[in-house]
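Here the structure is laid out as structure tokens; the discussion comes afterwards.
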Amino acid sequence: MAKETKYDVIVTIINRGFSDYVIESAQRAGASGSTIILARGTGIHENEEALGIKIYPEKEIVLTIVPRETRNDIMKGICNDANLNLEGKGLCFSMPINNLLGVTHNMNINKKK
């Protein structure tokens with residue numbers, strides 16, 4: 001049975017090759033790990049052309065599950081270390097996790113009390 005949690009997922013979308021900054025920053029702030037997903041951008045400024053060929057920049061999406069009380073500090077660190085305050089560097093947002101199933105060995109949420 002799924003158990004209600006007090007965790008959030010931080011989603012960081014950056015240009016390919018910059019996920020190390022995000023992961024290292026999150027771990028320094030207390031996150032235990034992250035998952036990287038390869039993607040491509042399709043925004044208004046993403047579909048540039050070179051020699052008549054459309055170029056779709058490659059992106060990385062970093063998913064980091066964190067305790068809700070550490071979320072803001074981790075996000076601030078990520079934004080600072082990955083320079084997300086500069087145009088075109090990426091973005092970071094969070095969403096609440098209502099239920100969580102699977103291996104959660106680092107989170108202590110499925111252990112019997």
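Letters for chains follow the order of the structure tokens (A, B, ...), residue numbers begin at 1 for each chain, and ligand numbers begin at 1 in the order shown.
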Can you pull out the residues contacting A:Ile78? Cut-off 9 Å, using only C-alpha atoms, and skip same-chain residues under 4 positions away; I want them as a PyMOL selection string.
chain A and resi 12+21-26+73-74+82-84+92
Selection above as a file: N, CA, C and O atoms, as a PDB file, in the first residue's frame:
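Result file part-v5.pdb:
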ATOM      1  N   THR A  12      14.900  19.612 -12.533  1.00  0.00           N
ATOM      2  CA  THR A  12      15.815  20.615 -13.083  1.00  0.00           C
ATOM      3  C   THR A  12      16.062  20.275 -14.545  1.00  0.00           C
ATOM      4  O   THR A  12      16.451  19.150 -14.867  1.00  0.00           O
ATOM      5  N   TYR A  21      26.668  19.599 -12.221  1.00  0.00           N
ATOM      6  CA  TYR A  21      26.522  20.760 -11.324  1.00  0.00           C
ATOM      7  C   TYR A  21      25.283  20.611 -10.451  1.00  0.00           C
ATOM      8  O   TYR A  21      25.296  20.911  -9.264  1.00  0.00           O
ATOM      9  N   VAL A  22      24.203  20.145 -11.064  1.00  0.00           N
ATOM     10  CA  VAL A  22      22.935  19.984 -10.353  1.00  0.00           C
ATOM     11  C   VAL A  22      23.054  18.891  -9.294  1.00  0.00           C
ATOM     12  O   VAL A  22      22.685  19.084  -8.136  1.00  0.00           O
ATOM     13  N   ILE A  23      23.588  17.747  -9.684  1.00  0.00           N
ATOM     14  CA  ILE A  23      23.686  16.611  -8.770  1.00  0.00           C
ATOM     15  C   ILE A  23      24.632  16.913  -7.610  1.00  0.00           C
ATOM     16  O   ILE A  23      24.306  16.644  -6.440  1.00  0.00           O
ATOM     17  N   GLU A  24      25.787  17.470  -7.902  1.00  0.00           N
ATOM     18  CA  GLU A  24      26.751  17.791  -6.843  1.00  0.00           C
ATOM     19  C   GLU A  24      26.172  18.811  -5.868  1.00  0.00           C
ATOM     20  O   GLU A  24      26.343  18.692  -4.654  1.00  0.00           O
ATOM     21  N   SER A  25      25.491  19.797  -6.382  1.00  0.00           N
ATOM     22  CA  SER A  25      24.883  20.817  -5.530  1.00  0.00           C
ATOM     23  C   SER A  25      23.809  20.211  -4.637  1.00  0.00           C
ATOM     24  O   SER A  25      23.754  20.486  -3.439  1.00  0.00           O
ATOM     25  N   ALA A  26      22.951  19.376  -5.218  1.00  0.00           N
ATOM     26  CA  ALA A  26      21.883  18.737  -4.449  1.00  0.00           C
ATOM     27  C   ALA A  26      22.459  17.839  -3.354  1.00  0.00           C
ATOM     28  O   ALA A  26      21.978  17.847  -2.221  1.00  0.00           O
ATOM     29  N   ASP A  73      16.293  24.974   0.231  1.00  0.00           N
ATOM     30  CA  ASP A  73      17.747  25.124   0.285  1.00  0.00           C
ATOM     31  C   ASP A  73      18.427  24.407  -0.870  1.00  0.00           C
ATOM     32  O   ASP A  73      19.373  24.922  -1.468  1.00  0.00           O
ATOM     33  N   ILE A  74      17.936  23.214  -1.192  1.00  0.00           N
ATOM     34  CA  ILE A  74      18.523  22.458  -2.302  1.00  0.00           C
ATOM     35  C   ILE A  74      18.284  23.179  -3.627  1.00  0.00           C
ATOM     36  O   ILE A  74      19.195  23.319  -4.450  1.00  0.00           O
ATOM     37  N   ALA A  82      24.335  25.982 -10.942  1.00  0.00           N
ATOM     38  CA  ALA A  82      24.107  25.744 -12.374  1.00  0.00           C
ATOM     39  C   ALA A  82      23.815  27.036 -13.126  1.00  0.00           C
ATOM     40  O   ALA A  82      23.473  26.996 -14.300  1.00  0.00           O
ATOM     41  N   ASN A  83      23.933  28.185 -12.449  1.00  0.00           N
ATOM     42  CA  ASN A  83      23.705  29.497 -13.076  1.00  0.00           C
ATOM     43  C   ASN A  83      22.333  29.619 -13.730  1.00  0.00           C
ATOM     44  O   ASN A  83      22.188  30.206 -14.805  1.00  0.00           O
ATOM     45  N   LEU A  84      21.318  29.078 -13.082  1.00  0.00           N
ATOM     46  CA  LEU A  84      19.981  29.108 -13.663  1.00  0.00           C
ATOM     47  C   LEU A  84      19.362  30.502 -13.665  1.00  0.00           C
ATOM     48  O   LEU A  84      18.315  30.703 -14.273  1.00  0.00           O
ATOM     49  N   CYS A  92      14.355  25.234 -12.809  1.00  0.00           N
ATOM     50  CA  CYS A  92      14.217  24.291 -11.704  1.00  0.00           C
ATOM     51  C   CYS A  92      12.870  24.543 -11.036  1.00  0.00           C
ATOM     52  O   CYS A  92      12.510  25.691 -10.783  1.00  0.00           O
TER      53      CYS A  92
END
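Picture a line from atom CA of A:Gly88 to atom CA of A:Val11; it runs 16.3 Å.
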One residue among A:Asn99, A:Gly33, A:Tyr7, A:Arg16 is nearest to A:Thr64 when using only C-alpha atoms, and that residue is A:Gly33
Need the shell around A:Val9: protein/DNA/RNA residues with any atom at most 8 Å away, counting only C-alpha atoms. Skip same-chain ones fewer than 3 positions apart. Format as a VMD selection string?
chain A and resid 63 to 66 94 to 97
What's the separation between atom CA of A:Leu91 and atom CA of A:Ile61, in Å to one decimal place?
9.8 Å
